[in-house]
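Shown below: my_file-v2.cif, with mmCIF, C-alpha atoms.
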```cif
data_work
loop_
_atom_site.group_PDB
_atom_site.id
_atom_site.type_symbol
_atom_site.label_atom_id
_atom_site.label_comp_id
_atom_site.auth_asym_id
_atom_site.auth_seq_id
_atom_site.Cartn_x
_atom_site.Cartn_y
_atom_site.Cartn_z
ATOM 1 C CA GLN X 175 40.372 75.544 164.334
ATOM 2 C CA VAL X 176 39.586 76.893 167.773
ATOM 3 C CA GLN X 177 36.649 79.244 167.917
ATOM 4 C CA LEU X 178 36.231 82.336 169.997
ATOM 5 C CA VAL X 179 33.770 81.813 172.848
ATOM 6 C CA GLU X 180 31.512 84.611 173.999
ATOM 7 C CA SER X 181 29.509 84.626 177.233
ATOM 8 C CA GLY X 182 27.687 86.902 179.643
ATOM 9 C CA GLY X 183 24.675 87.971 177.648
ATOM 10 C CA GLY X 184 21.172 88.077 179.003
ATOM 11 C CA THR X 185 18.037 90.125 179.431
ATOM 12 C CA VAL X 186 18.272 93.455 181.160
ATOM 13 C CA GLN X 187 16.116 96.491 181.610
ATOM 14 C CA ALA X 188 17.155 99.715 179.920
ATOM 15 C CA GLY X 189 19.546 101.609 182.150
ATOM 16 C CA GLY X 190 21.024 98.445 183.574
ATOM 17 C CA SER X 191 24.371 96.739 183.055
ATOM 18 C CA LEU X 192 25.848 93.583 181.592
ATOM 19 C CA ARG X 193 29.399 92.306 181.330
ATOM 20 C CA LEU X 194 30.360 90.220 178.332
ATOM 21 C CA SER X 195 33.434 88.040 178.179
ATOM 22 C CA CYS X 196 35.273 86.446 175.282
ATOM 23 C CA ALA X 197 37.855 83.687 175.356
ATOM 24 C CA VAL X 198 40.218 84.329 172.462
ATOM 25 C CA PRO X 199 42.609 81.713 171.077
ATOM 26 C CA ARG X 200 46.126 82.841 171.889
ATOM 27 C CA ASN X 201 47.240 82.840 168.278
ATOM 28 C CA LEU X 202 44.467 85.345 167.482
ATOM 29 C CA MET X 203 45.002 87.435 170.584
ATOM 30 C CA SER X 204 48.686 88.017 170.111
ATOM 31 C CA GLY X 205 49.448 91.306 168.404
ATOM 32 C CA ASN X 206 45.909 91.886 167.142
ATOM 33 C CA ALA X 207 43.246 94.425 167.852
ATOM 34 C CA ILE X 208 40.160 92.639 169.168
ATOM 35 C CA GLY X 209 36.675 94.031 168.961
ATOM 36 C CA TRP X 210 33.113 93.395 169.961
ATOM 37 C CA TYR X 211 30.629 93.257 167.113
ATOM 38 C CA ARG X 212 26.852 93.490 167.407
ATOM 39 C CA GLN X 213 24.346 91.955 165.033
ATOM 40 C CA ALA X 214 20.668 92.809 165.320
ATOM 41 C CA PRO X 215 18.131 90.589 163.520
ATOM 42 C CA GLY X 216 18.213 91.251 159.804
ATOM 43 C CA LYS X 217 21.151 93.627 160.044
ATOM 44 C CA ASP X 218 24.877 93.508 159.445
ATOM 45 C CA ARG X 219 27.413 92.561 162.084
ATOM 46 C CA ASP X 220 28.838 95.922 163.114
ATOM 47 C CA LEU X 221 31.809 96.803 165.267
ATOM 48 C CA VAL X 222 30.930 98.659 168.466
ATOM 49 C CA ALA X 223 34.236 98.728 170.349
ATOM 50 C CA ARG X 224 37.832 97.651 169.868
ATOM 51 C CA VAL X 225 40.960 97.354 171.988
ATOM 52 C CA MET X 226 44.322 97.554 170.295
ATOM 53 C CA ALA X 227 47.154 95.152 171.063
ATOM 54 C CA TYR X 228 48.850 97.830 173.167
ATOM 55 C CA GLY X 229 45.641 98.713 175.031
ATOM 56 C CA MET X 230 44.201 101.773 173.321
ATOM 57 C CA THR X 231 40.429 101.608 173.055
ATOM 58 C CA ILE X 232 38.086 102.973 170.388
ATOM 59 C CA TYR X 233 34.300 103.122 170.535
ATOM 60 C CA GLU X 234 31.565 103.773 168.071
ATOM 61 C CA ASP X 235 29.622 106.925 168.828
ATOM 62 C CA ASN X 236 26.468 105.104 169.858
ATOM 63 C CA VAL X 237 28.204 103.347 172.781
ATOM 64 C CA LYS X 238 30.830 105.899 173.723
ATOM 65 C CA GLY X 239 30.670 106.755 177.420
ATOM 66 C CA ARG X 240 28.501 103.722 178.206
ATOM 67 C CA PHE X 241 30.597 100.697 177.181
ATOM 68 C CA THR X 242 34.110 99.826 178.294
ATOM 69 C CA ILE X 243 36.256 97.267 176.497
ATOM 70 C CA SER X 244 39.300 95.685 178.092
ATOM 71 C CA ARG X 245 41.719 92.873 177.403
ATOM 72 C CA ASP X 246 43.767 90.513 179.543
ATOM 73 C CA ASN X 247 46.605 89.217 177.415
ATOM 74 C CA ASP X 248 47.730 86.712 180.049
ATOM 75 C CA ALA X 249 44.291 85.141 180.281
ATOM 76 C CA SER X 250 43.647 85.696 176.558
ATOM 77 C CA THR X 251 40.264 87.254 177.212
ATOM 78 C CA VAL X 252 38.471 90.400 176.142
ATOM 79 C CA GLU X 253 35.564 91.870 178.087
ATOM 80 C CA LEU X 254 32.872 94.417 177.386
ATOM 81 C CA GLN X 255 31.282 96.247 180.291
ATOM 82 C CA MET X 256 27.925 97.571 179.154
ATOM 83 C CA ASP X 257 26.409 100.273 181.350
ATOM 84 C CA TYR X 258 23.279 102.366 180.876
ATOM 85 C CA VAL X 259 22.155 99.947 178.203
ATOM 86 C CA GLN X 260 19.520 101.017 175.727
ATOM 87 C CA VAL X 261 16.960 99.029 173.745
ATOM 88 C CA GLU X 262 19.051 99.715 170.647
ATOM 89 C CA ASP X 263 21.929 97.749 172.208
ATOM 90 C CA SER X 264 19.992 94.505 171.773
ATOM 91 C CA GLY X 265 21.450 91.881 169.485
ATOM 92 C CA THR X 266 23.936 89.066 169.340
ATOM 93 C CA TYR X 267 27.429 90.090 170.356
ATOM 94 C CA TYR X 268 30.538 88.516 168.896
ATOM 95 C CA CYS X 269 34.206 89.170 169.491
ATOM 96 C CA ASN X 270 36.881 88.839 166.869
ATOM 97 C CA ILE X 271 39.858 90.444 165.222
ATOM 98 C CA VAL X 272 39.611 93.985 163.921
ATOM 99 C CA PRO X 273 39.327 94.806 161.048
ATOM 100 C CA LYS X 274 36.390 92.579 160.192
ATOM 101 C CA ARG X 275 37.946 91.419 156.898
ATOM 102 C CA LEU X 276 40.584 89.614 158.966
ATOM 103 C CA ALA X 277 38.085 88.089 161.399
ATOM 104 C CA THR X 278 38.008 84.324 161.542
ATOM 105 C CA ASN X 279 36.630 81.392 163.540
ATOM 106 C CA TRP X 280 33.483 83.250 164.557
ATOM 107 C CA GLY X 281 31.934 81.901 167.741
ATOM 108 C CA GLN X 282 28.272 81.438 168.526
ATOM 109 C CA GLY X 283 27.952 84.888 170.037
ATOM 110 C CA THR X 284 26.064 85.868 173.156
ATOM 111 C CA GLN X 285 22.600 87.384 173.038
ATOM 112 C CA VAL X 286 21.697 90.649 174.702
ATOM 113 C CA HIS X 287 18.098 91.709 175.064
ATOM 114 C CA VAL X 288 17.299 95.105 176.511
ATOM 115 C CA TYR X 289 13.695 95.958 177.321
ATOM 116 C CA SER X 290 12.208 99.320 178.150
#
```

Starting from the coordinates I provided, produce the structure as C-alpha cells.
Amino acid sequence: QVQLVESGGGTVQAGGSLRLSCAVPRNLMSGNAIGWYRQAPGKDRDLVARVMAYGMTIYEDNVKGRFTISRDNDASTVELQMDYVQVEDSGTYYCNIVPKRLATNWGQGTQVHVYS
C-alpha cells in the first residue's frame, strides 16, 4: 500500500510561517476530503484543517485565520500554509482522509517546532 508523504516541517519562531506539503496516492485523493492532523507529544492526533473534494475548506478554531489548506487534484497534493504560527502549533503533522475513522496508510508525518 502506498503511504501518504508529508514534508515541509521545521523549526520556526513564533509569528513566522511554514508551508507543509503532502503527496496523496491518487486512489485516496479522488473524491475524498483530505485533512491535516496534528499530534503533540502524549496527545491525540487531531484534525486542524480539511479541504473537501470540491474545494471547500474548514478549519478548527485554533488555526482559523492563520492556516490555509489547499489541494491540487492534478498533482495529487495537499498543502498547508501556516502563518503567524504559535508555540501551541508545535507537533507532528500528518495528512490523510477525513473523517479520521476512514484514514489509512498513515505516513511518517513532518515535525513542526515553534519557539517563542

Just want the 7 Å neighbourhood of Arg224 of chain X, counted on only C-alpha atoms, with same-chain residues fewer than 6 positions away dropped. Output as a count of residues only. 8

List the residues sitting within 12 Å of (18.4, 100.3, 172.9) in the file's frame, using only C-alpha atoms, as number ranges by chain. X: 186-190, 214, 236-237, 240, 256-265, 286-290

I need the output of the PyMOL selection byres ((chain X and resi 284) around 7) for this file as a PyMOL selection string; which residues are they? chain X and resi 180-183+266-268+282-283+285-286

Just C-alpha atoms for this one: save the residues we selected as a tab-separated table (two decimals), in the frame of the given file.
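The resulting again12.tsv:
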```tsv
chain	number	residue	atom	x	y	z
X	180	GLU	CA	31.51	84.61	174.00
X	181	SER	CA	29.51	84.63	177.23
X	182	GLY	CA	27.69	86.90	179.64
X	183	GLY	CA	24.68	87.97	177.65
X	266	THR	CA	23.94	89.07	169.34
X	267	TYR	CA	27.43	90.09	170.36
X	268	TYR	CA	30.54	88.52	168.90
X	282	GLN	CA	28.27	81.44	168.53
X	283	GLY	CA	27.95	84.89	170.04
X	285	GLN	CA	22.60	87.38	173.04
X	286	VAL	CA	21.70	90.65	174.70
```

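Shortest separation to Pro273 of chain X among X:Pro199, X:Met226, X:Gly216, X:Thr242 occurs at residue X:Met226, atoms counted being only C-alpha atoms.
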
Residues within 12 Å of Asn201 of chain X, please, as a ChimeraX atom specification. Count only C-alpha atoms; anything in the same chain fewer than 2 positions from it doesn't count. /X:175-178,197-199,203-206,247,250,271,278-279

If you measure from atom CA of Arg212 of chain X to atom CA of Ala249 of chain X, what distance in Å do you get, rounded to one decimal?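 Those two atoms sit 23.2 Å apart.
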
Kindly write C-alpha atoms of chain X from the structure just given to a file, as an mmCIF file, in the first residue's frame.
```cif
data_model
loop_
_atom_site.group_PDB
_atom_site.id
_atom_site.type_symbol
_atom_site.label_atom_id
_atom_site.label_comp_id
_atom_site.auth_asym_id
_atom_site.auth_seq_id
_atom_site.Cartn_x
_atom_site.Cartn_y
_atom_site.Cartn_z
ATOM 1 C CA GLN X 175 0.000 0.000 0.000
ATOM 2 C CA VAL X 176 1.291 3.438 -0.886
ATOM 3 C CA GLN X 177 1.677 5.784 2.033
ATOM 4 C CA LEU X 178 0.992 9.468 2.175
ATOM 5 C CA VAL X 179 4.199 11.508 2.307
ATOM 6 C CA GLU X 180 4.375 14.718 4.286
ATOM 7 C CA SER X 181 7.148 17.308 4.024
ATOM 8 C CA GLY X 182 7.993 20.913 4.800
ATOM 9 C CA GLY X 183 8.199 20.918 8.563
ATOM 10 C CA GLY X 184 10.924 22.599 10.527
ATOM 11 C CA THR X 185 11.759 24.961 13.343
ATOM 12 C CA VAL X 186 10.357 28.448 13.257
ATOM 13 C CA GLN X 187 9.984 31.334 15.623
ATOM 14 C CA ALA X 188 6.510 32.277 16.793
ATOM 15 C CA GLY X 189 4.935 34.658 14.317
ATOM 16 C CA GLY X 190 6.706 33.081 11.385
ATOM 17 C CA SER X 191 5.484 30.860 8.566
ATOM 18 C CA LEU X 192 5.859 27.338 7.246
ATOM 19 C CA ARG X 193 4.366 25.554 4.263
ATOM 20 C CA LEU X 194 3.644 21.857 4.536
ATOM 21 C CA SER X 195 3.063 19.600 1.570
ATOM 22 C CA CYS X 196 1.544 16.147 1.268
ATOM 23 C CA ALA X 197 1.737 13.729 -1.629
ATOM 24 C CA VAL X 198 -1.505 11.764 -1.624
ATOM 25 C CA PRO X 199 -1.990 8.497 -3.516
ATOM 26 C CA ARG X 200 -4.455 9.154 -6.308
ATOM 27 C CA ASN X 201 -6.875 6.494 -5.150
ATOM 28 C CA LEU X 202 -7.140 8.282 -1.784
ATOM 29 C CA MET X 203 -7.284 11.757 -3.260
ATOM 30 C CA SER X 204 -10.126 11.125 -5.637
ATOM 31 C CA GLY X 205 -13.481 12.158 -4.225
ATOM 32 C CA ASN X 206 -12.292 12.415 -0.623
ATOM 33 C CA ALA X 207 -11.919 15.223 1.830
ATOM 34 C CA ILE X 208 -8.278 15.451 2.896
ATOM 35 C CA GLY X 209 -7.125 16.987 6.126
ATOM 36 C CA TRP X 210 -4.068 17.913 8.099
ATOM 37 C CA TYR X 211 -3.838 16.380 11.548
ATOM 38 C CA ARG X 212 -1.535 17.489 14.355
ATOM 39 C CA GLN X 213 -0.186 15.289 17.113
ATOM 40 C CA ALA X 214 1.662 16.814 20.046
ATOM 41 C CA PRO X 215 3.738 14.521 22.290
ATOM 42 C CA GLY X 216 1.480 12.464 24.509
ATOM 43 C CA LYS X 217 -1.691 13.735 22.877
ATOM 44 C CA ASP X 218 -4.181 12.511 20.315
ATOM 45 C CA ARG X 219 -3.861 13.122 16.598
ATOM 46 C CA ASP X 220 -6.346 15.924 15.998
ATOM 47 C CA LEU X 221 -7.675 17.419 12.799
ATOM 48 C CA VAL X 222 -6.762 21.072 12.278
ATOM 49 C CA ALA X 223 -7.916 21.743 8.715
ATOM 50 C CA ARG X 224 -9.667 19.944 5.883
ATOM 51 C CA VAL X 225 -10.369 20.548 2.208
ATOM 52 C CA MET X 226 -13.364 18.884 0.637
ATOM 53 C CA ALA X 227 -13.214 17.138 -2.727
ATOM 54 C CA TYR X 228 -14.917 20.128 -4.350
ATOM 55 C CA GLY X 229 -12.614 22.647 -2.648
ATOM 56 C CA MET X 230 -14.481 23.949 0.382
ATOM 57 C CA THR X 231 -12.202 24.395 3.371
ATOM 58 C CA ILE X 232 -12.915 24.025 7.089
ATOM 59 C CA TYR X 233 -10.626 24.977 9.958
ATOM 60 C CA GLU X 234 -10.553 24.312 13.636
ATOM 61 C CA ASP X 235 -10.981 27.446 15.706
ATOM 62 C CA ASN X 236 -7.415 27.470 16.972
ATOM 63 C CA VAL X 237 -5.961 27.855 13.452
ATOM 64 C CA LYS X 238 -8.714 29.787 11.724
ATOM 65 C CA GLY X 239 -7.371 32.925 10.057
ATOM 66 C CA ARG X 240 -3.762 31.729 10.319
ATOM 67 C CA PHE X 241 -3.637 28.475 8.322
ATOM 68 C CA THR X 242 -4.697 27.915 4.731
ATOM 69 C CA ILE X 243 -5.267 24.461 3.274
ATOM 70 C CA SER X 244 -5.363 23.815 -0.452
ATOM 71 C CA ARG X 245 -5.406 20.875 -2.817
ATOM 72 C CA ASP X 246 -4.142 20.241 -6.330
ATOM 73 C CA ASN X 247 -6.088 17.323 -7.732
ATOM 74 C CA ASP X 248 -3.931 17.102 -10.860
ATOM 75 C CA ALA X 249 -0.732 16.821 -8.850
ATOM 76 C CA SER X 250 -2.483 14.826 -6.104
ATOM 77 C CA THR X 251 -1.080 17.041 -3.379
ATOM 78 C CA VAL X 252 -2.477 18.907 -0.408
ATOM 79 C CA GLU X 253 -0.688 21.838 1.204
ATOM 80 C CA LEU X 254 -0.982 23.704 4.468
ATOM 81 C CA GLN X 255 0.241 27.280 4.649
ATOM 82 C CA MET X 256 0.910 28.114 8.279
ATOM 83 C CA ASP X 257 1.198 31.816 9.075
ATOM 84 C CA TYR X 258 1.565 33.600 12.404
ATOM 85 C CA VAL X 259 2.482 30.296 13.990
ATOM 86 C CA GLN X 260 2.225 29.903 17.730
ATOM 87 C CA VAL X 261 4.082 27.656 20.167
ATOM 88 C CA GLU X 262 0.880 25.638 20.509
ATOM 89 C CA ASP X 263 1.111 24.729 16.806
ATOM 90 C CA SER X 264 4.121 22.512 17.504
ATOM 91 C CA GLY X 265 3.776 18.815 16.829
ATOM 92 C CA THR X 266 3.956 16.227 14.109
ATOM 93 C CA TYR X 267 1.670 16.953 11.188
ATOM 94 C CA TYR X 268 0.056 14.235 9.118
ATOM 95 C CA CYS X 269 -2.307 14.379 6.180
ATOM 96 C CA ASN X 270 -4.997 11.845 5.486
ATOM 97 C CA ILE X 271 -8.618 11.285 4.631
ATOM 98 C CA VAL X 272 -11.319 12.970 6.670
ATOM 99 C CA PRO X 273 -13.046 11.668 8.750
ATOM 100 C CA LYS X 274 -10.267 10.087 10.773
ATOM 101 C CA ARG X 275 -12.076 6.731 11.048
ATOM 102 C CA LEU X 276 -11.556 6.325 7.299
ATOM 103 C CA ALA X 277 -7.899 7.379 7.374
ATOM 104 C CA THR X 278 -5.418 4.817 6.158
ATOM 105 C CA ASN X 279 -1.771 4.355 5.170
ATOM 106 C CA TRP X 280 -0.527 6.982 7.607
ATOM 107 C CA GLY X 281 2.802 8.482 6.591
ATOM 108 C CA GLN X 282 5.708 9.404 8.815
ATOM 109 C CA GLY X 283 4.464 12.939 9.313
ATOM 110 C CA THR X 284 6.506 16.115 9.334
ATOM 111 C CA GLN X 285 7.612 17.794 12.538
ATOM 112 C CA VAL X 286 6.914 21.416 13.339
ATOM 113 C CA HIS X 287 8.621 23.123 16.234
ATOM 114 C CA VAL X 288 7.674 26.671 17.120
ATOM 115 C CA TYR X 289 9.729 28.534 19.702
ATOM 116 C CA SER X 290 8.925 31.776 21.449
#
```
